[in-house]
Amino acid sequence: MSAVADIGLIGLAVMGQNLILNMADKGFTVAAYNRTTSKVDHFLENEAKGKSIVGAHSIEELCSQLKTPRKIILLVKAGDAVDSFIDQLEPFLEKGDIIIDGGNSHFPDSVRRTAALEKKGLLFVGSGVSGGEEGARHGPSIMPGGAPDAWPHIKEIFQKTAAQVDGQPCCDWVGESGSGHYVKMVHNGIEYGDMQLITEAYDILKRGFGMSEGEIAAVFETWNKGVLDSYLIEITTEILKYNDDDGVPLVTKILDSASQKGTGKWTAVNALDLGMPVTLIGEAVFSRCLSSIKEERVRASKVLGGPQIEAFTGDKKQFIDDLEQALYASKIVSYAQGFMLMREAAKEYKWNLNYSGIALMWRGGCIIRSVFLGDITSAYTKNPNLENLLFDDFFNKAIHKAQPGWRRIIAQTALWGIPTPAFSTALSFFDGYRTERLPASLLQAQRDYFGAHTFRILPQFYSDKYAEGQDVHVNWTGRGGNVSASTYSA
Ligand SMILES: *[C@@H]1O[C@H](CO)[C@@H](O)[C@H](O)[C@H]1NC(C)=O
Ligand SMILES: *[C@@H]1O[C@H](CO)[C@@H](O)[C@H](O)[C@H]1NC(C)=O
C-alpha cells in the first residue's frame, strides 16, 4: 500500500475509534491499527465503512501507509503500553517523524519521552484530550505539548478535529516537553473541584432546605442561565431529574462512595511538590477519600452527634442567591489556584505557557467547559502577565460582590453541621491571600524555640541589632546553647 494517510492511530477502543471518525469527517485520511487485528477489520467493515480510513495489520504496515513526516497518535493505556508501542514504532520511523501520546499519561513520563525521542531525531508530543467519548467523536479539547517542531505538522489536523467555540478551535500549542499532559492534569484537578462544589450546593439545598431533587434541578437550571452556565451544571440538572422506574430519583439510590485516582491526586501532589496552595483541588480529592470510608462513617454517624438542622426561617430566595454566589466565588478561587499552579510549573520546568490560550482550549469540548472560561480568556488576553486571576478587574469585582453571600452560606452551614470542605477552603484561602500579616511569625518563633531554625525580621525593624538578610536565633528560655540548626528542618 502506498503512503496515503495523513495520520495514523493506534488503539481502537471507543475513544480511538471516535477520534478517527472525527478526523475522517474533517477531511483527513486516517490509518487505524490495533494489536488485536480482528478489531481493525471489524472497524473497517462497520463504523469506518465508506470513510477515508485505511486499516493496518502490523506496525510496519501502519508506518508504510503514512505520508512523511509520519504522525502517529497512541491512544493506549497510560504506562508501559505507551513505551512498548514507541519501541515497536521506532524501527519503521525516520528522523522528523512524530509520535503523539493522546492518552492519560502522567506528565513526567511525557517529559522523559520527549527527551528520549529527541535524542533519536524523533518528535514526541504528549497531548491531553478531554471530552470523553462524545468529545472525541464531535470535537474534544486537545492540549498538545512536547517537541515544538512537531506543531506546524499537526496543527491543521488537531485544530480542525477539536471543538470550536465562536469560530476558534479548543486546541493550541501548550508548550514544551510534558506541558500538554501537565495542563490536562490541572484541567482534571479543576474538574474535581468543580464537581465537589456542585455536590456541596446540592447537599445544602437537600439537607439544609429539605428540597427534593426535582426542586434542586430547577434551581440549577436557573443557575445554568447565569454566571455558572457550564457543562457540569447542565449534566447535574439532568441527573437530578432522572428517575428510576419506580419514580424515585436515581441519585438517591447511588452508594455515596467516590473513588479518586490519577489526575486529581496528581494535581494535589504536584501542588505540594511545588509548594503552591491549591487547596480546593486538595479538598476535593480528600472529600472523595472521606466518602470512600463509608462503613466507618456509618459507625461514626451513630456515636458522633451534631446540631439539629432547624427549619430555615430567613429569606429563602436570598439564601439561594447567596449559594449561587458562594459557588461562583469558590470557583473563581479554584481557577485562580489552578493558574497559580501552572505559573509555578512553567517557572520550575522552564516552559512557556500561554494562559489565555489554555483558557481558550478549555472553553469548549472538555468537561469543565463554561461561560466562565471565556471570562478567564479575556482576563489573560488583556494582560498575559496577570499575576493572579483575582487581580483582574472583572474577577476582582465579581468576588467582592459575591463575598457577603459566600460568608453567610459558610456561617449557616457550619451552624447546621453540613460539611462544605470546598466552599470553606476557598474562603479561607481568599482570607489568607488578602491578609498582609499572617500568624506565620509565631510559627517561625516556635520553630526557632524548639529547633533553633532561625527567623528573619520585618524590614521596619532593621537596626544595629537586626540586619537585612540576617538569620536571627534567640535563646528563648535563657537555657541551652545558641547554636542554630541549619542541617535539619521541622
Ligand atoms: C485493541 O482492541 C482491544 C479490544 O477492543 C482493546 O482492548 C485494546 O485496548 C486495543 N488497543 C490496542 C493498542 O491494541
Ligand atoms: C496565546 O494564545 C492566544 C490564543 O490562542 C493567541 O492569540 C496569542 O497569540 C498567544 N500568545 C503567544 C505569545 O503565543
# chains A, B, ... in the order shown; residues from 1 in each chain; ligands from 1
$ residues_near_ligand --ligand "ligand 2" --cutoff "12 Å" --atoms "only C-alpha atoms and all ligand atoms" --output "short mmCIF file (atom, residue, chain, number, x, y, z; two decimals) with all heavy atoms, in the first residue's frame"
data_model
loop_
_atom_site.label_atom_id
_atom_site.label_comp_id
_atom_site.auth_asym_id
_atom_site.auth_seq_id
_atom_site.Cartn_x
_atom_site.Cartn_y
_atom_site.Cartn_z
N MET A 143 -4.95 19.34 24.04
CA MET A 143 -3.89 20.14 24.66
C MET A 143 -2.51 19.55 24.36
O MET A 143 -1.96 18.82 25.17
CB MET A 143 -4.11 20.18 26.18
CG MET A 143 -5.44 20.77 26.60
SD MET A 143 -5.98 20.13 28.24
CE MET A 143 -7.54 19.39 27.81
N GLN A 159 -6.42 21.19 15.11
CA GLN A 159 -7.36 22.30 15.31
C GLN A 159 -8.69 22.06 14.62
O GLN A 159 -9.73 22.49 15.10
CB GLN A 159 -6.72 23.63 14.87
CG GLN A 159 -5.57 24.02 15.81
CD GLN A 159 -5.13 25.47 15.69
OE1 GLN A 159 -5.24 26.06 14.63
NE2 GLN A 159 -4.62 26.03 16.79
N VAL A 165 -15.34 27.04 19.45
CA VAL A 165 -16.21 27.97 20.16
C VAL A 165 -16.02 29.35 19.53
O VAL A 165 -14.89 29.83 19.42
CB VAL A 165 -15.86 28.04 21.67
CG1 VAL A 165 -16.70 29.11 22.36
CG2 VAL A 165 -16.10 26.70 22.34
N GLY A 167 -16.00 30.14 16.56
CA GLY A 167 -15.09 30.06 15.42
C GLY A 167 -13.64 29.83 15.79
O GLY A 167 -12.77 29.83 14.92
N GLN A 168 -13.36 29.64 17.08
CA GLN A 168 -11.97 29.38 17.47
C GLN A 168 -11.82 27.95 17.98
O GLN A 168 -12.67 27.46 18.73
CB GLN A 168 -11.55 30.35 18.58
CG GLN A 168 -11.23 31.74 18.07
CD GLN A 168 -11.06 32.72 19.22
OE1 GLN A 168 -11.95 32.88 20.06
NE2 GLN A 168 -9.91 33.36 19.27
N PRO A 169 -10.75 27.27 17.56
CA PRO A 169 -10.59 25.87 17.98
C PRO A 169 -10.18 25.76 19.44
O PRO A 169 -9.43 26.61 19.94
CB PRO A 169 -9.47 25.36 17.07
CG PRO A 169 -8.70 26.57 16.69
CD PRO A 169 -9.66 27.72 16.67
N CYS A 170 -10.68 24.72 20.12
CA CYS A 170 -10.27 24.46 21.50
C CYS A 170 -9.02 23.59 21.48
O CYS A 170 -8.98 22.49 22.05
CB CYS A 170 -11.40 23.81 22.29
SG CYS A 170 -12.81 24.90 22.42
N CYS A 171 -8.04 24.07 20.77
CA CYS A 171 -6.75 23.38 20.67
C CYS A 171 -5.71 24.38 20.24
O CYS A 171 -5.90 25.11 19.27
CB CYS A 171 -6.82 22.24 19.64
SG CYS A 171 -5.20 21.54 19.28
N ASP A 172 -4.63 24.45 21.00
CA ASP A 172 -3.50 25.27 20.59
C ASP A 172 -2.25 24.64 21.19
O ASP A 172 -2.35 23.77 22.05
CB ASP A 172 -3.67 26.72 21.09
CG ASP A 172 -2.94 27.71 20.19
OD1 ASP A 172 -2.02 27.28 19.45
OD2 ASP A 172 -3.28 28.89 20.22
N TRP A 173 -1.11 25.07 20.70
CA TRP A 173 0.14 24.53 21.24
C TRP A 173 0.30 24.96 22.68
O TRP A 173 0.22 26.15 22.99
CB TRP A 173 1.31 25.01 20.38
CG TRP A 173 2.62 24.40 20.79
CD1 TRP A 173 3.70 25.04 21.32
CD2 TRP A 173 2.99 23.02 20.67
NE1 TRP A 173 4.70 24.14 21.55
CE2 TRP A 173 4.30 22.89 21.17
CE3 TRP A 173 2.33 21.87 20.20
CZ2 TRP A 173 4.98 21.67 21.21
CZ3 TRP A 173 3.00 20.66 20.25
CH2 TRP A 173 4.31 20.57 20.75
N VAL A 174 0.48 24.01 23.59
CA VAL A 174 0.57 24.35 25.01
C VAL A 174 1.99 24.80 25.36
O VAL A 174 2.19 25.86 25.97
CB VAL A 174 0.16 23.16 25.90
CG1 VAL A 174 0.42 23.47 27.36
CG2 VAL A 174 -1.31 22.81 25.69
N GLY A 175 2.96 24.01 24.97
CA GLY A 175 4.34 24.38 25.31
C GLY A 175 5.26 23.18 25.20
O GLY A 175 4.91 22.15 24.62
N ASN A 352 7.19 27.70 28.46
CA ASN A 352 6.49 28.94 28.16
C ASN A 352 5.01 28.60 27.99
O ASN A 352 4.64 28.02 26.99
CB ASN A 352 7.02 29.55 26.87
CG ASN A 352 8.47 29.96 27.02
OD1 ASN A 352 8.78 30.87 27.78
ND2 ASN A 352 9.37 29.26 26.34
N LEU A 353 4.23 28.94 28.98
CA LEU A 353 2.80 28.63 28.88
C LEU A 353 2.02 29.89 28.51
O LEU A 353 2.32 30.97 29.00
CB LEU A 353 2.27 28.05 30.20
CG LEU A 353 2.90 26.73 30.67
CD1 LEU A 353 2.22 26.24 31.94
CD2 LEU A 353 2.82 25.66 29.59
N ASN A 354 1.02 29.68 27.67
CA ASN A 354 0.17 30.79 27.23
C ASN A 354 -1.19 30.63 27.93
O ASN A 354 -2.00 29.79 27.55
CB ASN A 354 0.06 30.70 25.70
CG ASN A 354 -0.83 31.77 25.12
OD1 ASN A 354 -1.63 32.39 25.83
ND2 ASN A 354 -0.70 31.99 23.83
N TYR A 355 -1.41 31.44 28.95
CA TYR A 355 -2.59 31.22 29.80
C TYR A 355 -3.91 31.54 29.12
O TYR A 355 -4.91 30.86 29.35
CB TYR A 355 -2.42 31.99 31.13
CG TYR A 355 -1.14 31.57 31.81
CD1 TYR A 355 -0.01 32.38 31.78
CD2 TYR A 355 -1.03 30.31 32.39
CE1 TYR A 355 1.19 31.97 32.34
CE2 TYR A 355 0.17 29.89 32.95
CZ TYR A 355 1.28 30.72 32.92
OH TYR A 355 2.46 30.30 33.45
N SER A 356 -3.92 32.56 28.28
CA SER A 356 -5.18 32.83 27.58
C SER A 356 -5.45 31.70 26.59
O SER A 356 -6.60 31.29 26.39
CB SER A 356 -5.14 34.19 26.86
OG SER A 356 -4.22 34.17 25.80
N GLY A 357 -4.39 31.18 26.01
CA GLY A 357 -4.55 30.03 25.10
C GLY A 357 -5.10 28.81 25.84
O GLY A 357 -5.97 28.10 25.31
N ILE A 358 -4.62 28.60 27.06
CA ILE A 358 -5.09 27.45 27.86
C ILE A 358 -6.57 27.62 28.20
O ILE A 358 -7.38 26.70 28.03
CB ILE A 358 -4.24 27.30 29.14
CG1 ILE A 358 -2.82 26.84 28.76
CG2 ILE A 358 -4.89 26.30 30.12
CD1 ILE A 358 -1.80 26.93 29.89
N ALA A 359 -6.95 28.82 28.64
CA ALA A 359 -8.35 29.06 28.98
C ALA A 359 -9.23 28.88 27.73
O ALA A 359 -10.32 28.32 27.80
CB ALA A 359 -8.53 30.46 29.56
N LEU A 360 -8.71 29.33 26.61
CA LEU A 360 -9.44 29.20 25.34
C LEU A 360 -9.68 27.73 25.00
O LEU A 360 -10.77 27.34 24.58
CB LEU A 360 -8.62 29.87 24.23
CG LEU A 360 -9.32 30.22 22.93
CD1 LEU A 360 -10.41 31.25 23.18
CD2 LEU A 360 -8.31 30.77 21.93
N MET A 361 -8.66 26.91 25.25
CA MET A 361 -8.78 25.46 24.96
C MET A 361 -9.82 24.80 25.83
O MET A 361 -10.40 23.80 25.46
CB MET A 361 -7.43 24.77 25.22
CG MET A 361 -6.51 24.80 24.04
SD MET A 361 -4.99 23.92 24.43
CE MET A 361 -3.92 25.29 24.84
N TRP A 362 -10.01 25.35 27.03
CA TRP A 362 -10.94 24.74 27.98
C TRP A 362 -12.37 25.27 27.83
O TRP A 362 -13.27 24.85 28.53
CB TRP A 362 -10.47 25.02 29.42
CG TRP A 362 -9.23 24.30 29.80
CD1 TRP A 362 -8.59 23.31 29.09
CD2 TRP A 362 -8.45 24.48 31.00
NE1 TRP A 362 -7.48 22.88 29.75
CE2 TRP A 362 -7.37 23.58 30.93
CE3 TRP A 362 -8.58 25.31 32.10
CZ2 TRP A 362 -6.41 23.49 31.94
CZ3 TRP A 362 -7.63 25.23 33.11
CH2 TRP A 362 -6.55 24.32 33.03
N ARG A 363 -12.54 26.26 26.94
CA ARG A 363 -13.87 26.86 26.81
C ARG A 363 -14.89 25.89 26.21
O ARG A 363 -16.08 26.01 26.44
CB ARG A 363 -13.79 28.10 25.91
CG ARG A 363 -13.57 29.36 26.66
CD ARG A 363 -14.02 30.55 25.87
NE ARG A 363 -13.61 30.44 24.46
CZ ARG A 363 -14.01 31.27 23.51
NH1 ARG A 363 -14.82 32.26 23.80
NH2 ARG A 363 -13.60 31.12 22.28
N GLY A 374 -14.59 31.79 29.28
CA GLY A 374 -14.50 32.91 28.35
C GLY A 374 -13.98 34.14 29.07
O GLY A 374 -13.15 34.89 28.54
N ILE A 376 -12.11 34.12 31.75
CA ILE A 376 -10.68 33.91 32.08
C ILE A 376 -9.82 34.18 30.84
O ILE A 376 -8.77 34.82 30.92
CB ILE A 376 -10.43 32.48 32.61
CG1 ILE A 376 -11.25 32.25 33.89
CG2 ILE A 376 -8.94 32.26 32.89
CD1 ILE A 376 -11.01 30.92 34.57
N THR A 377 -10.31 33.72 29.69
CA THR A 377 -9.60 34.00 28.44
C THR A 377 -9.43 35.51 28.28
O THR A 377 -8.31 35.99 27.99
CB THR A 377 -10.38 33.44 27.23
OG1 THR A 377 -10.68 32.07 27.46
CG2 THR A 377 -9.55 33.55 25.95
N SER A 378 -10.50 36.26 28.50
CA SER A 378 -10.42 37.72 28.34
C SER A 378 -9.40 38.32 29.31
O SER A 378 -8.63 39.21 28.94
CB SER A 378 -11.77 38.38 28.62
OG SER A 378 -12.78 37.73 27.92
N ALA A 379 -9.42 37.82 30.56
CA ALA A 379 -8.51 38.36 31.56
C ALA A 379 -7.06 38.19 31.12
O ALA A 379 -6.26 39.14 31.20
CB ALA A 379 -8.74 37.67 32.91
N TYR A 380 -6.71 37.01 30.65
CA TYR A 380 -5.32 36.77 30.26
C TYR A 380 -4.99 37.34 28.88
O TYR A 380 -3.82 37.57 28.57
CB TYR A 380 -4.98 35.27 30.31
CG TYR A 380 -4.70 34.80 31.72
CD1 TYR A 380 -5.63 34.05 32.42
CD2 TYR A 380 -3.50 35.11 32.35
CE1 TYR A 380 -5.39 33.62 33.72
CE2 TYR A 380 -3.23 34.69 33.64
CZ TYR A 380 -4.18 33.94 34.33
OH TYR A 380 -3.93 33.54 35.61
N THR A 381 -6.01 37.56 28.05
CA THR A 381 -5.75 38.21 26.77
C THR A 381 -5.41 39.68 27.01
O THR A 381 -4.48 40.23 26.42
CB THR A 381 -6.98 38.09 25.84
OG1 THR A 381 -7.32 36.71 25.73
CG2 THR A 381 -6.68 38.64 24.45
N LYS A 382 -6.18 40.30 27.94
CA LYS A 382 -5.94 41.70 28.29
C LYS A 382 -4.56 41.86 28.90
O LYS A 382 -3.83 42.79 28.61
CB LYS A 382 -6.98 42.13 29.36
CG LYS A 382 -7.88 43.26 28.93
CD LYS A 382 -8.75 43.76 30.09
CE LYS A 382 -9.40 42.68 30.89
NZ LYS A 382 -10.11 43.04 32.09
N ASN A 383 -4.19 40.92 29.75
CA ASN A 383 -2.90 41.01 30.42
C ASN A 383 -2.25 39.64 30.53
O ASN A 383 -2.47 38.91 31.50
CB ASN A 383 -3.09 41.62 31.83
CG ASN A 383 -1.77 41.70 32.57
OD1 ASN A 383 -0.71 41.43 32.01
ND2 ASN A 383 -1.84 42.07 33.85
N PRO A 384 -1.41 39.29 29.54
CA PRO A 384 -0.79 37.95 29.53
C PRO A 384 0.08 37.70 30.76
O PRO A 384 0.35 36.55 31.10
CB PRO A 384 0.06 37.96 28.27
CG PRO A 384 -0.51 39.05 27.41
CD PRO A 384 -1.06 40.07 28.35
N ASN A 385 0.53 38.77 31.42
CA ASN A 385 1.39 38.59 32.60
C ASN A 385 0.64 38.74 33.91
O ASN A 385 1.26 38.98 34.96
CB ASN A 385 2.54 39.59 32.55
CG ASN A 385 3.40 39.38 31.33
OD1 ASN A 385 3.72 38.24 30.97
ND2 ASN A 385 3.72 40.46 30.64
#
$ residues_near_ligand --ligand "ligand 1" --cutoff "12 Å" --atoms "only C-alpha atoms and all ligand atoms" --output "PyMOL selection string"
chain A and resi 9-17+32-43+56-59+73-78+80-86+88+101+103
$ atom_distance --atom1 "CA of Ile204 in chain A" --atom2 "CA of Arg408 in chain A"
12.6 Å
$ atom_distance --atom1 "CA of Pro108 in chain A" --atom2 "CA of Gly338 in chain A"
18.4 Å
$ residues_around --residues "Gln65 in chain A" --least-positions-apart "5" --cutoff "8 Å" --atoms "only C-alpha atoms" --output "list in words"
Met1, Ser2, Ala3, Val4, Ala5 and Ala31 of chain A
$ write_last_selection --atoms "N, CA and C atoms" --output "PDB file, in the first residue's frame"
ATOM      1  N   MET A   1       0.852  -1.216   0.000  1.00  0.00           N
ATOM      2  CA  MET A   1       0.000   0.000   0.000  1.00  0.00           C
ATOM      3  C   MET A   1       0.868   1.240   0.000  1.00  0.00           C
ATOM      4  N   SER A   2       0.428   2.248  -0.729  1.00  0.00           N
ATOM      5  CA  SER A   2       1.226   3.475  -0.774  1.00  0.00           C
ATOM      6  C   SER A   2       0.903   4.376   0.410  1.00  0.00           C
ATOM      7  N   ALA A   3       1.744   5.372   0.567  1.00  0.00           N
ATOM      8  CA  ALA A   3       1.568   6.279   1.702  1.00  0.00           C
ATOM      9  C   ALA A   3       0.443   7.258   1.409  1.00  0.00           C
ATOM     10  N   VAL A   4      -0.726   6.946   1.920  1.00  0.00           N
ATOM     11  CA  VAL A   4      -1.902   7.770   1.619  1.00  0.00           C
ATOM     12  C   VAL A   4      -2.437   8.527   2.827  1.00  0.00           C
ATOM     13  N   ALA A   5      -2.055   8.042   4.007  1.00  0.00           N
ATOM     14  CA  ALA A   5      -2.744   8.563   5.193  1.00  0.00           C
ATOM     15  C   ALA A   5      -2.050   9.795   5.767  1.00  0.00           C
ATOM     16  N   ALA A  31      -5.056   6.216   9.137  1.00  0.00           N
ATOM     17  CA  ALA A  31      -4.715   4.796   9.173  1.00  0.00           C
ATOM     18  C   ALA A  31      -4.944   4.279  10.583  1.00  0.00           C
TER      19      ALA A  31
END
$ residues_around --residues "Leu232 in chain A" --least-positions-apart "4" --cutoff "9 Å" --atoms "only C-alpha atoms" --output "ChimeraX atom specification"
/A:191,194-195,198,236-237,367-370
$ write_last_selection --atoms "N, CA and C atoms" --output "short mmCIF file (atom, residue, chain, number, x, y, z; two decimals), in the first residue's frame"
data_model
loop_
_atom_site.label_atom_id
_atom_site.label_comp_id
_atom_site.auth_asym_id
_atom_site.auth_seq_id
_atom_site.Cartn_x
_atom_site.Cartn_y
_atom_site.Cartn_z
N GLU A 191 -11.55 20.05 37.42
CA GLU A 191 -12.81 19.30 37.25
C GLU A 191 -13.23 18.65 38.59
N ASP A 194 -14.66 21.53 40.67
CA ASP A 194 -15.99 21.96 40.19
C ASP A 194 -17.06 20.96 40.62
N MET A 195 -16.76 19.69 40.47
CA MET A 195 -17.74 18.65 40.82
C MET A 195 -18.04 18.68 42.32
N ILE A 198 -20.29 21.58 43.30
CA ILE A 198 -21.69 21.34 42.92
C ILE A 198 -22.35 20.38 43.91
N THR A 236 -25.66 18.01 35.75
CA THR A 236 -26.18 17.80 37.10
C THR A 236 -27.70 17.96 37.11
N THR A 237 -28.19 18.97 36.41
CA THR A 237 -29.63 19.18 36.29
C THR A 237 -30.30 17.93 35.74
N ILE A 367 -14.71 18.73 29.86
CA ILE A 367 -15.68 18.59 30.95
C ILE A 367 -15.90 19.90 31.72
N ILE A 368 -14.89 20.74 31.83
CA ILE A 368 -15.06 21.97 32.62
C ILE A 368 -15.49 23.15 31.74
N ARG A 369 -15.91 22.86 30.53
CA ARG A 369 -16.29 23.96 29.63
C ARG A 369 -17.41 24.80 30.24
N SER A 370 -17.28 26.10 30.03
CA SER A 370 -18.22 27.02 30.67
C SER A 370 -18.08 28.41 30.08
#
$ decode --residues "range 446-456 of chain A" --atoms "all heavy atoms" --output "compact mmCIF listing (two decimals), in the first residue's frame"
# COMPACT_ATOMS: atom_id res chain seq x y z
N GLN A 446 8.13 29.53 67.02
CA GLN A 446 8.05 28.17 67.57
C GLN A 446 9.18 27.30 67.02
O GLN A 446 9.83 26.55 67.76
CB GLN A 446 6.69 27.54 67.22
CG GLN A 446 5.51 28.18 67.93
CD GLN A 446 4.18 27.77 67.32
OE1 GLN A 446 4.10 27.42 66.13
NE2 GLN A 446 3.13 27.82 68.12
N ARG A 447 9.40 27.43 65.70
CA ARG A 447 10.45 26.61 65.08
C ARG A 447 11.82 26.96 65.64
O ARG A 447 12.67 26.10 65.83
CB ARG A 447 10.42 26.78 63.57
CG ARG A 447 9.14 26.26 62.93
CD ARG A 447 9.10 26.53 61.43
NE ARG A 447 10.08 25.75 60.71
CZ ARG A 447 11.03 26.26 59.92
NH1 ARG A 447 11.12 27.57 59.76
NH2 ARG A 447 11.88 25.47 59.30
N ASP A 448 12.00 28.25 65.89
CA ASP A 448 13.29 28.66 66.44
C ASP A 448 13.42 28.21 67.90
O ASP A 448 14.50 27.82 68.34
CB ASP A 448 13.45 30.18 66.35
CG ASP A 448 14.87 30.60 66.69
OD1 ASP A 448 15.81 30.11 66.02
OD2 ASP A 448 15.05 31.40 67.65
N TYR A 449 12.28 28.21 68.60
CA TYR A 449 12.30 27.82 70.03
C TYR A 449 12.75 26.36 70.19
O TYR A 449 13.67 26.06 70.93
CB TYR A 449 10.89 28.00 70.62
CG TYR A 449 10.79 27.75 72.11
CD1 TYR A 449 10.58 28.80 73.00
CD2 TYR A 449 10.87 26.47 72.64
CE1 TYR A 449 10.47 28.59 74.37
CE2 TYR A 449 10.78 26.24 74.00
CZ TYR A 449 10.57 27.30 74.87
OH TYR A 449 10.47 27.09 76.22
N PHE A 450 12.09 25.46 69.45
CA PHE A 450 12.41 24.05 69.70
C PHE A 450 13.50 23.51 68.79
O PHE A 450 14.10 22.49 69.09
CB PHE A 450 11.16 23.16 69.65
CG PHE A 450 10.50 23.06 68.29
CD1 PHE A 450 11.12 22.39 67.24
CD2 PHE A 450 9.23 23.59 68.07
CE1 PHE A 450 10.50 22.29 66.01
CE2 PHE A 450 8.61 23.49 66.84
CZ PHE A 450 9.26 22.84 65.80
N GLY A 451 13.76 24.19 67.69
CA GLY A 451 14.74 23.61 66.77
C GLY A 451 15.82 24.57 66.35
O GLY A 451 16.62 24.25 65.48
N ALA A 452 15.84 25.76 66.93
CA ALA A 452 16.85 26.76 66.57
C ALA A 452 16.94 26.95 65.06
O ALA A 452 18.02 26.95 64.48
CB ALA A 452 18.22 26.38 67.15
N HIS A 453 15.75 27.07 64.42
CA HIS A 453 15.71 27.16 62.95
C HIS A 453 15.95 28.56 62.41
O HIS A 453 16.04 28.74 61.21
CB HIS A 453 14.37 26.63 62.44
CG HIS A 453 14.26 25.16 62.59
ND1 HIS A 453 15.02 24.30 61.84
CD2 HIS A 453 13.53 24.39 63.42
CE1 HIS A 453 14.75 23.06 62.20
NE2 HIS A 453 13.85 23.09 63.16
N THR A 454 16.01 29.54 63.32
CA THR A 454 16.21 30.96 62.99
C THR A 454 15.01 31.56 62.26
O THR A 454 14.17 30.84 61.76
CB THR A 454 17.49 31.24 62.14
OG1 THR A 454 17.26 30.84 60.80
CG2 THR A 454 18.70 30.53 62.72
N PHE A 455 14.99 32.86 62.21
CA PHE A 455 13.92 33.60 61.53
C PHE A 455 14.47 34.90 61.02
O PHE A 455 15.59 35.28 61.34
CB PHE A 455 12.74 33.86 62.49
CG PHE A 455 13.14 34.48 63.80
CD1 PHE A 455 13.27 35.87 63.91
CD2 PHE A 455 13.42 33.69 64.92
CE1 PHE A 455 13.67 36.45 65.11
CE2 PHE A 455 13.81 34.27 66.12
CZ PHE A 455 13.94 35.65 66.22
N ARG A 456 13.67 35.58 60.19
CA ARG A 456 14.06 36.91 59.69
C ARG A 456 13.19 37.97 60.35
O ARG A 456 12.08 37.68 60.79
CB ARG A 456 13.86 36.96 58.16
CG ARG A 456 14.75 35.99 57.39
CD ARG A 456 16.07 36.63 57.04
NE ARG A 456 17.03 35.66 56.53
CZ ARG A 456 17.30 35.50 55.22
NH1 ARG A 456 16.67 36.22 54.32
NH2 ARG A 456 18.21 34.64 54.84
